[in-house]
Amino acid sequence: YSIAESLSRNERLAALQDPDVGQSLDALRACTKLMEQVVGDMLDFERIDSGRLELAKSAFSAVELLGEAERALAPLARAKGIQVDFEPVPRMLHHRRYEGDMSRLMQCMSNGITNATKFTPRGGSIRVNCFESECVRPGRAVLHVQIHDTGVGLEPEELDRLARGGIFTQVGKGQLQGQGGTGLGLNIVRQILALHDGSELLLSSAGRDLGTCFEMRLQLPATDLDRVSKAGPGGAAGTDR
C-alpha cells in the first residue's frame, strides 16, 4: 500500500474523520497512482526501446482473459458511475487455448479500459466483447478483443494522428492538464501487441461525442482442447477421458 492507503485504513486516527483531511488523502492517493503509472510507462518504454522486454508466454483462454479484466478493471469505471458490460465469450471459444503473455495483454486491456473511463462521462457506458475471425496461417487464430465506450469520441484527423504518432502522442482532451498519463500508453500497447506475432491495435470512432472503439487484433497460436482430447496419444483418434 501507498502512504495514502495506509493512512486511510488507520481507523485510530481521529483526524481522518475530518472531511478536509479525507479530500487531501484522496488527492494524495490519486497523485500516487499517477506517479506509479508514469514510472511504469517509462520503465516499459525503456525495456521496449532497448529490446529487453521479454514475454512470458503460456496457454490461456478468452474466458480467462476477459474474466480477469472484468474483475481487475471494471470496478474503477463503475465507481465513476459508468455502466460496464462484458459480453459473454462465444461458446465456440470456450475450449480454445491461445499462446501469449496474458499479463501483458491484460496491461493492454487496462490501457483501453482506463482511457474509456477517463473520457466517458458519468452515466455513460463501456462494453467489452471478443470474437474470432478466419486466419490463413495453420495452427493460429485471430482473436479480436474490443472495448467500446460512449465517451467524447475522436475526429478523423485525431485518429490519423494517433495511428501515425510516435511516443508521447496525445489528442483532444488527452492533451489537457488533469487527464493524467504520459502519452506513452498507446505506443506501449502497440509494441506489446507487435511482439505477439505481429498483433495490432485498431482505433475507430464515428466522430466527436460518439464514442471510441479500442480493438486488439491478436494473431496467436491456438489449440482446440476438444480436438486434442479426441486425438489421444500420438495424434491418433482416441477415446475422450
# chains A, B, ... in the order shown; residues from 1 in each chain; ligands from 1
call {"tool": "residues_around", "arguments": {"residues": "A:Asp101", "least_positions_apart": "2", "cutoff": "12 Å", "atoms": "only C-alpha atoms", "output": "PyMOL selection string"}}
result
chain A and resi 53-61+65+98-99+103-108+192-193+195-197+218+220-221
call {"tool": "residues_around", "arguments": {"residues": "A:His144", "least_positions_apart": "5", "cutoff": "9 Å", "atoms": "only C-alpha atoms", "output": "PDB file with N, CA, C and O atoms, in the first residue's frame"}}
result
ATOM      1  N   ASN A 129     -16.203  -6.956 -25.661  1.00  0.00           N
ATOM      2  CA  ASN A 129     -16.595  -8.204 -26.307  1.00  0.00           C
ATOM      3  C   ASN A 129     -15.411  -8.806 -27.046  1.00  0.00           C
ATOM      4  O   ASN A 129     -14.377  -8.148 -27.251  1.00  0.00           O
ATOM      5  N   CYS A 130     -15.539 -10.057 -27.443  1.00  0.00           N
ATOM      6  CA  CYS A 130     -14.485 -10.696 -28.235  1.00  0.00           C
ATOM      7  C   CYS A 130     -15.117 -11.651 -29.241  1.00  0.00           C
ATOM      8  O   CYS A 130     -16.254 -12.104 -29.064  1.00  0.00           O
ATOM      9  N   PHE A 131     -14.366 -11.928 -30.296  1.00  0.00           N
ATOM     10  CA  PHE A 131     -14.796 -12.882 -31.312  1.00  0.00           C
ATOM     11  C   PHE A 131     -13.572 -13.280 -32.122  1.00  0.00           C
ATOM     12  O   PHE A 131     -12.514 -12.643 -32.029  1.00  0.00           O
ATOM     13  N   GLU A 132     -13.708 -14.338 -32.900  1.00  0.00           N
ATOM     14  CA  GLU A 132     -12.628 -14.789 -33.775  1.00  0.00           C
ATOM     15  C   GLU A 132     -12.981 -14.516 -35.224  1.00  0.00           C
ATOM     16  O   GLU A 132     -14.152 -14.540 -35.602  1.00  0.00           O
ATOM     17  N   SER A 133     -11.950 -14.266 -36.022  1.00  0.00           N
ATOM     18  CA  SER A 133     -12.125 -14.204 -37.472  1.00  0.00           C
ATOM     19  C   SER A 133     -11.166 -15.209 -38.108  1.00  0.00           C
ATOM     20  O   SER A 133     -10.271 -15.737 -37.451  1.00  0.00           O
ATOM     21  N   GLU A 215      -9.585  -1.721 -30.267  1.00  0.00           N
ATOM     22  CA  GLU A 215      -9.617  -3.136 -30.650  1.00  0.00           C
ATOM     23  C   GLU A 215      -8.220  -3.735 -30.699  1.00  0.00           C
ATOM     24  O   GLU A 215      -7.338  -3.231 -31.388  1.00  0.00           O
ATOM     25  N   MET A 216      -8.037  -4.823 -29.971  1.00  0.00           N
ATOM     26  CA  MET A 216      -6.822  -5.623 -30.053  1.00  0.00           C
ATOM     27  C   MET A 216      -7.081  -6.768 -31.027  1.00  0.00           C
ATOM     28  O   MET A 216      -7.957  -7.599 -30.780  1.00  0.00           O
ATOM     29  N   ARG A 217      -6.336  -6.799 -32.125  1.00  0.00           N
ATOM     30  CA  ARG A 217      -6.468  -7.880 -33.098  1.00  0.00           C
ATOM     31  C   ARG A 217      -5.280  -8.818 -32.885  1.00  0.00           C
ATOM     32  O   ARG A 217      -4.176  -8.570 -33.352  1.00  0.00           O
ATOM     33  N   LEU A 218      -5.536  -9.897 -32.159  1.00  0.00           N
ATOM     34  CA  LEU A 218      -4.474 -10.787 -31.704  1.00  0.00           C
ATOM     35  C   LEU A 218      -4.310 -11.970 -32.652  1.00  0.00           C
ATOM     36  O   LEU A 218      -5.249 -12.747 -32.860  1.00  0.00           O
ATOM     37  N   GLN A 219      -3.114 -12.117 -33.210  1.00  0.00           N
ATOM     38  CA  GLN A 219      -2.788 -13.257 -34.062  1.00  0.00           C
ATOM     39  C   GLN A 219      -1.915 -14.198 -33.239  1.00  0.00           C
ATOM     40  O   GLN A 219      -0.724 -13.958 -33.059  1.00  0.00           O
TER      41      GLN A 219
END
